[in-house]
Amino acid sequence: MLASRRKLLFLDEPSVGLDPHRVRMLARLIREQVKALGISAIVVTHDVALAAGVGDRLFLLSLADRKLDEMFVGRWPGALEDPGHSAETRGKWIVELEAALVDHLEDHGDTPPPQGTPLPGRALAKVVRLVDPLVAPFRVAMASLVRAPGQLVRHPGDFFVVARRVLAQTLLRPLVFYAIVSTLIGYTVLFVISKVGGAGIRPDALLKQIGGSYVVALAPALSALLFVAASGSATNAWLGSMGLTKQTLALDALGVDRRAYLWAPAWFAAAICYLAVACLFALGMLLGGLLVCRAHGVPDAWNLLTADIFDPRPERLRYVYRAAFLVWMYGWGIASDVIAKGGSPKPEADSVTKGMTASVVACTLWVVGWELVSVLVVFEL
C-alpha cells in the first residue's frame, strides 16, 4: 500500500498476533510513515495500546447508537508513541482509555441493535416488505436528485470518481458489443422486410416506404433491454459487492452519506450512459439498414433512413416524440432500479445474484409497460 503512494490508508486490526513490544514498534512505524509520506491513516483495532500509540484522535464505535463517537474531545494529547510523551503520561492515558472502554461495555454491551420504529402489526410489516421493492427505485431517484447538487459542489472529485467508474462499466467496456449488435439488428430487420414484404412490391420500393421508421419503433425498447442486461447488471454487481464486503457499512461508520457519495453520481452516470447507448444503438441500426439499402440499389439511402428521425413527415412526427419520451423514461427508470437493488443490503453472496436478476426482471417489465401504454396513446386505441 505504501509503494502505491496512496493518500489514505485503512488498517484493519494490524496488531493481531503481536506481543506488547511489537505493538509499540508497529505504532511507531505507522506514525513515522504517515509523517514521512504526508498521508493519513485510519486504524481499526481492539488493541488499546495500539490505538493510544498511533491515534491523533480516537473514535469509539458506540454500542448505544451504532455511531462513531469521538473520545476525550479537547483533552487527548495525540499519538502516545510520538516523541515528547513521558512513560507516566503514556501509562496514565492508556489506563484512562481502557477504563472508558470497560465502562462503555458494562453500560451498553448487552444493548441490542436499534431496530427503528416498531410496526404496529405483522400484517403491516408484510405489506411494507412487499411494497418496498416497488418504492425503492423512486426513493433512490428522489434522494439522488436532492443530494447530487450538493455533492457535486462540495466534493466534485468524489462525484466524478464514482461517475467515471459507472461510465466505464456501463458504456466504455460494452461499447463494441452495442455497436455490433445494433448494426446486426438493423441489417436483419430491413433484410427480412425486403424478403417477406408485400407480394409484387419490389424490395427497393418497400425500403423507400419504410425509411427509418424501424429505428424509431425498435431502438428504444431494444437498447433498454440490452442495457439493463449488460450494463445494468455490471453496475448492480459492483454495488452489490460493495454491500457484501461491508464497504458501504464502512461509509456509514465514517459518517459518509452513501446516498450522496455513491447513489447520486452512480444514478446520474447510469442514466446518461443509457441515453448515449440509445443514440449509439439507433446509429448502429441505421448503418445496418444502410447496408441493406445499398445492396438493393436504393438511391440516397442515408438521407432516406435518417429523415424519419431528423425531418419526419407530419404523420410520423408523433412516433419520434414517442421514441424520445421512451428513451428518457427508460434511462432514469433503469438507473433508479439498478441503484436501488444493487445498493440494498447484501447479507450473503447469493443476494448479489438475486439483486441482478430482480433488476433485469423489473426493468424489463418497466420497458414493456411503457411500450404498451405509449402504443395505446399514440395510436389512440
# chains A, B, ... in the order shown; residues from 1 in each chain; ligands from 1
$ residues_around --residues "Arg75 (chain A)" --least-positions-apart "6" --cutoff "12 Å" --atoms "only C-alpha atoms" --output "JSON list (two decimals) with C-alpha atoms, in the first residue's frame"
[["chain", "number", "residue", "atom", "x", "y", "z"],
["A", 56, "ASP", "CA", -4.17, 11.70, 16.75],
["A", 57, "ARG", "CA", -7.88, 11.32, 17.51],
["A", 58, "LEU", "CA", -9.77, 8.39, 19.00],
["A", 93, "TRP", "CA", -3.77, 7.71, 29.28],
["A", 96, "GLU", "CA", -7.96, 6.04, 31.32],
["A", 97, "LEU", "CA", -8.72, 4.81, 27.80]]
$ residues_around --residues "Cys363 (chain A)" --least-positions-apart "4" --cutoff "7 Å" --atoms "only C-alpha atoms" --output "list in words"
Val228, Ile334, Ser359 and Val367 of chain A
$ write_last_selection --atoms "C-alpha atoms" --output "PDB file, in the first residue's frame"
ATOM      1  CA  VAL A 228     -30.194  -3.440 -18.324  1.00  0.00           C
ATOM      2  CA  ILE A 334     -33.350   1.743 -15.255  1.00  0.00           C
ATOM      3  CA  SER A 359     -33.390  -5.739 -11.560  1.00  0.00           C
ATOM      4  CA  VAL A 367     -39.961  -1.232 -20.609  1.00  0.00           C
TER       5      VAL A 367
END
$ residues_around --residues "Val161 (chain A)" --least-positions-apart "3" --cutoff "10 Å" --atoms "only C-alpha atoms" --output "PyMOL selection string"
chain A and resi 156-158+164-167+261-262+265-266
$ atom_distance --atom1 "CA of Asp19 (chain A)" --atom2 "CA of Asp47 (chain A)"
10.9 Å
$ residues_around --residues "Ala335 (chain A)" --least-positions-apart "6" --cutoff "6 Å" --atoms "only C-alpha atoms" --output "PyMOL selection string"
chain A and resi 267+270-271
$ write_last_selection --atoms "N, CA and C atoms" --output "compact mmCIF listing (two decimals), in the first residue's frame"
# COMPACT_ATOMS: atom_id res chain seq x y z
N TRP A 267 -26.23 7.13 -10.10
CA TRP A 267 -27.54 7.27 -10.73
C TRP A 267 -27.47 8.16 -11.96
N ALA A 270 -25.35 6.41 -14.75
CA ALA A 270 -26.04 5.29 -15.39
C ALA A 270 -27.11 5.79 -16.36
N ALA A 271 -27.88 6.79 -15.93
CA ALA A 271 -28.93 7.31 -16.80
C ALA A 271 -28.36 7.97 -18.05
$ closest_residue --among "A:Arg28, A:Gly109, A:Tyr187, A:His21" --to "Ala64 (chain A)" --atoms "only C-alpha atoms"
A:Gly109
$ closest_residue --among "A:Gly342, A:Leu26, A:Thr89, A:Ser213" --to "Arg313 (chain A)" --atoms "only C-alpha atoms"
A:Ser213
$ atom_distance --atom1 "CA of Gln247 (chain A)" --atom2 "CA of Ile272 (chain A)"
25.4 Å
$ residues_around --residues "Gly53 (chain A)" --least-positions-apart "4" --cutoff "7 Å" --atoms "only C-alpha atoms" --output "list of chain:residue names"
A:Arg24, A:Ala27, A:Ala49, A:Ala79, A:Leu80, A:Glu81
$ closest_residue --among "A:Phe268, A:Tyr319, A:Trp328, A:Trp238" --to "Lys341 (chain A)" --atoms "only C-alpha atoms"
A:Trp238
$ residues_around --residues "Ser241 (chain A)" --least-positions-apart "6" --cutoff "10 Å" --atoms "only C-alpha atoms" --output "PyMOL selection string"
chain A and resi 235+247-248+342-343+346+348-349+351-352
$ closest_residue --among "A:Leu105, A:Cys273, A:Ile42, A:Leu249" --to "Arg173 (chain A)" --atoms "only C-alpha atoms"
A:Cys273
$ select_by_dssp --residues "region 145-366 of chain A" --states "alpha helix (DSSP H)" --output "number ranges by chain"
A: 145-154, 156-167, 175-196, 203-210, 213-227, 233-244, 247-253, 258, 264-295, 301-310, 317-342, 349-366
$ atom_distance --atom1 "CA of Gly289 (chain A)" --atom2 "CA of Leu190 (chain A)"
5.9 Å
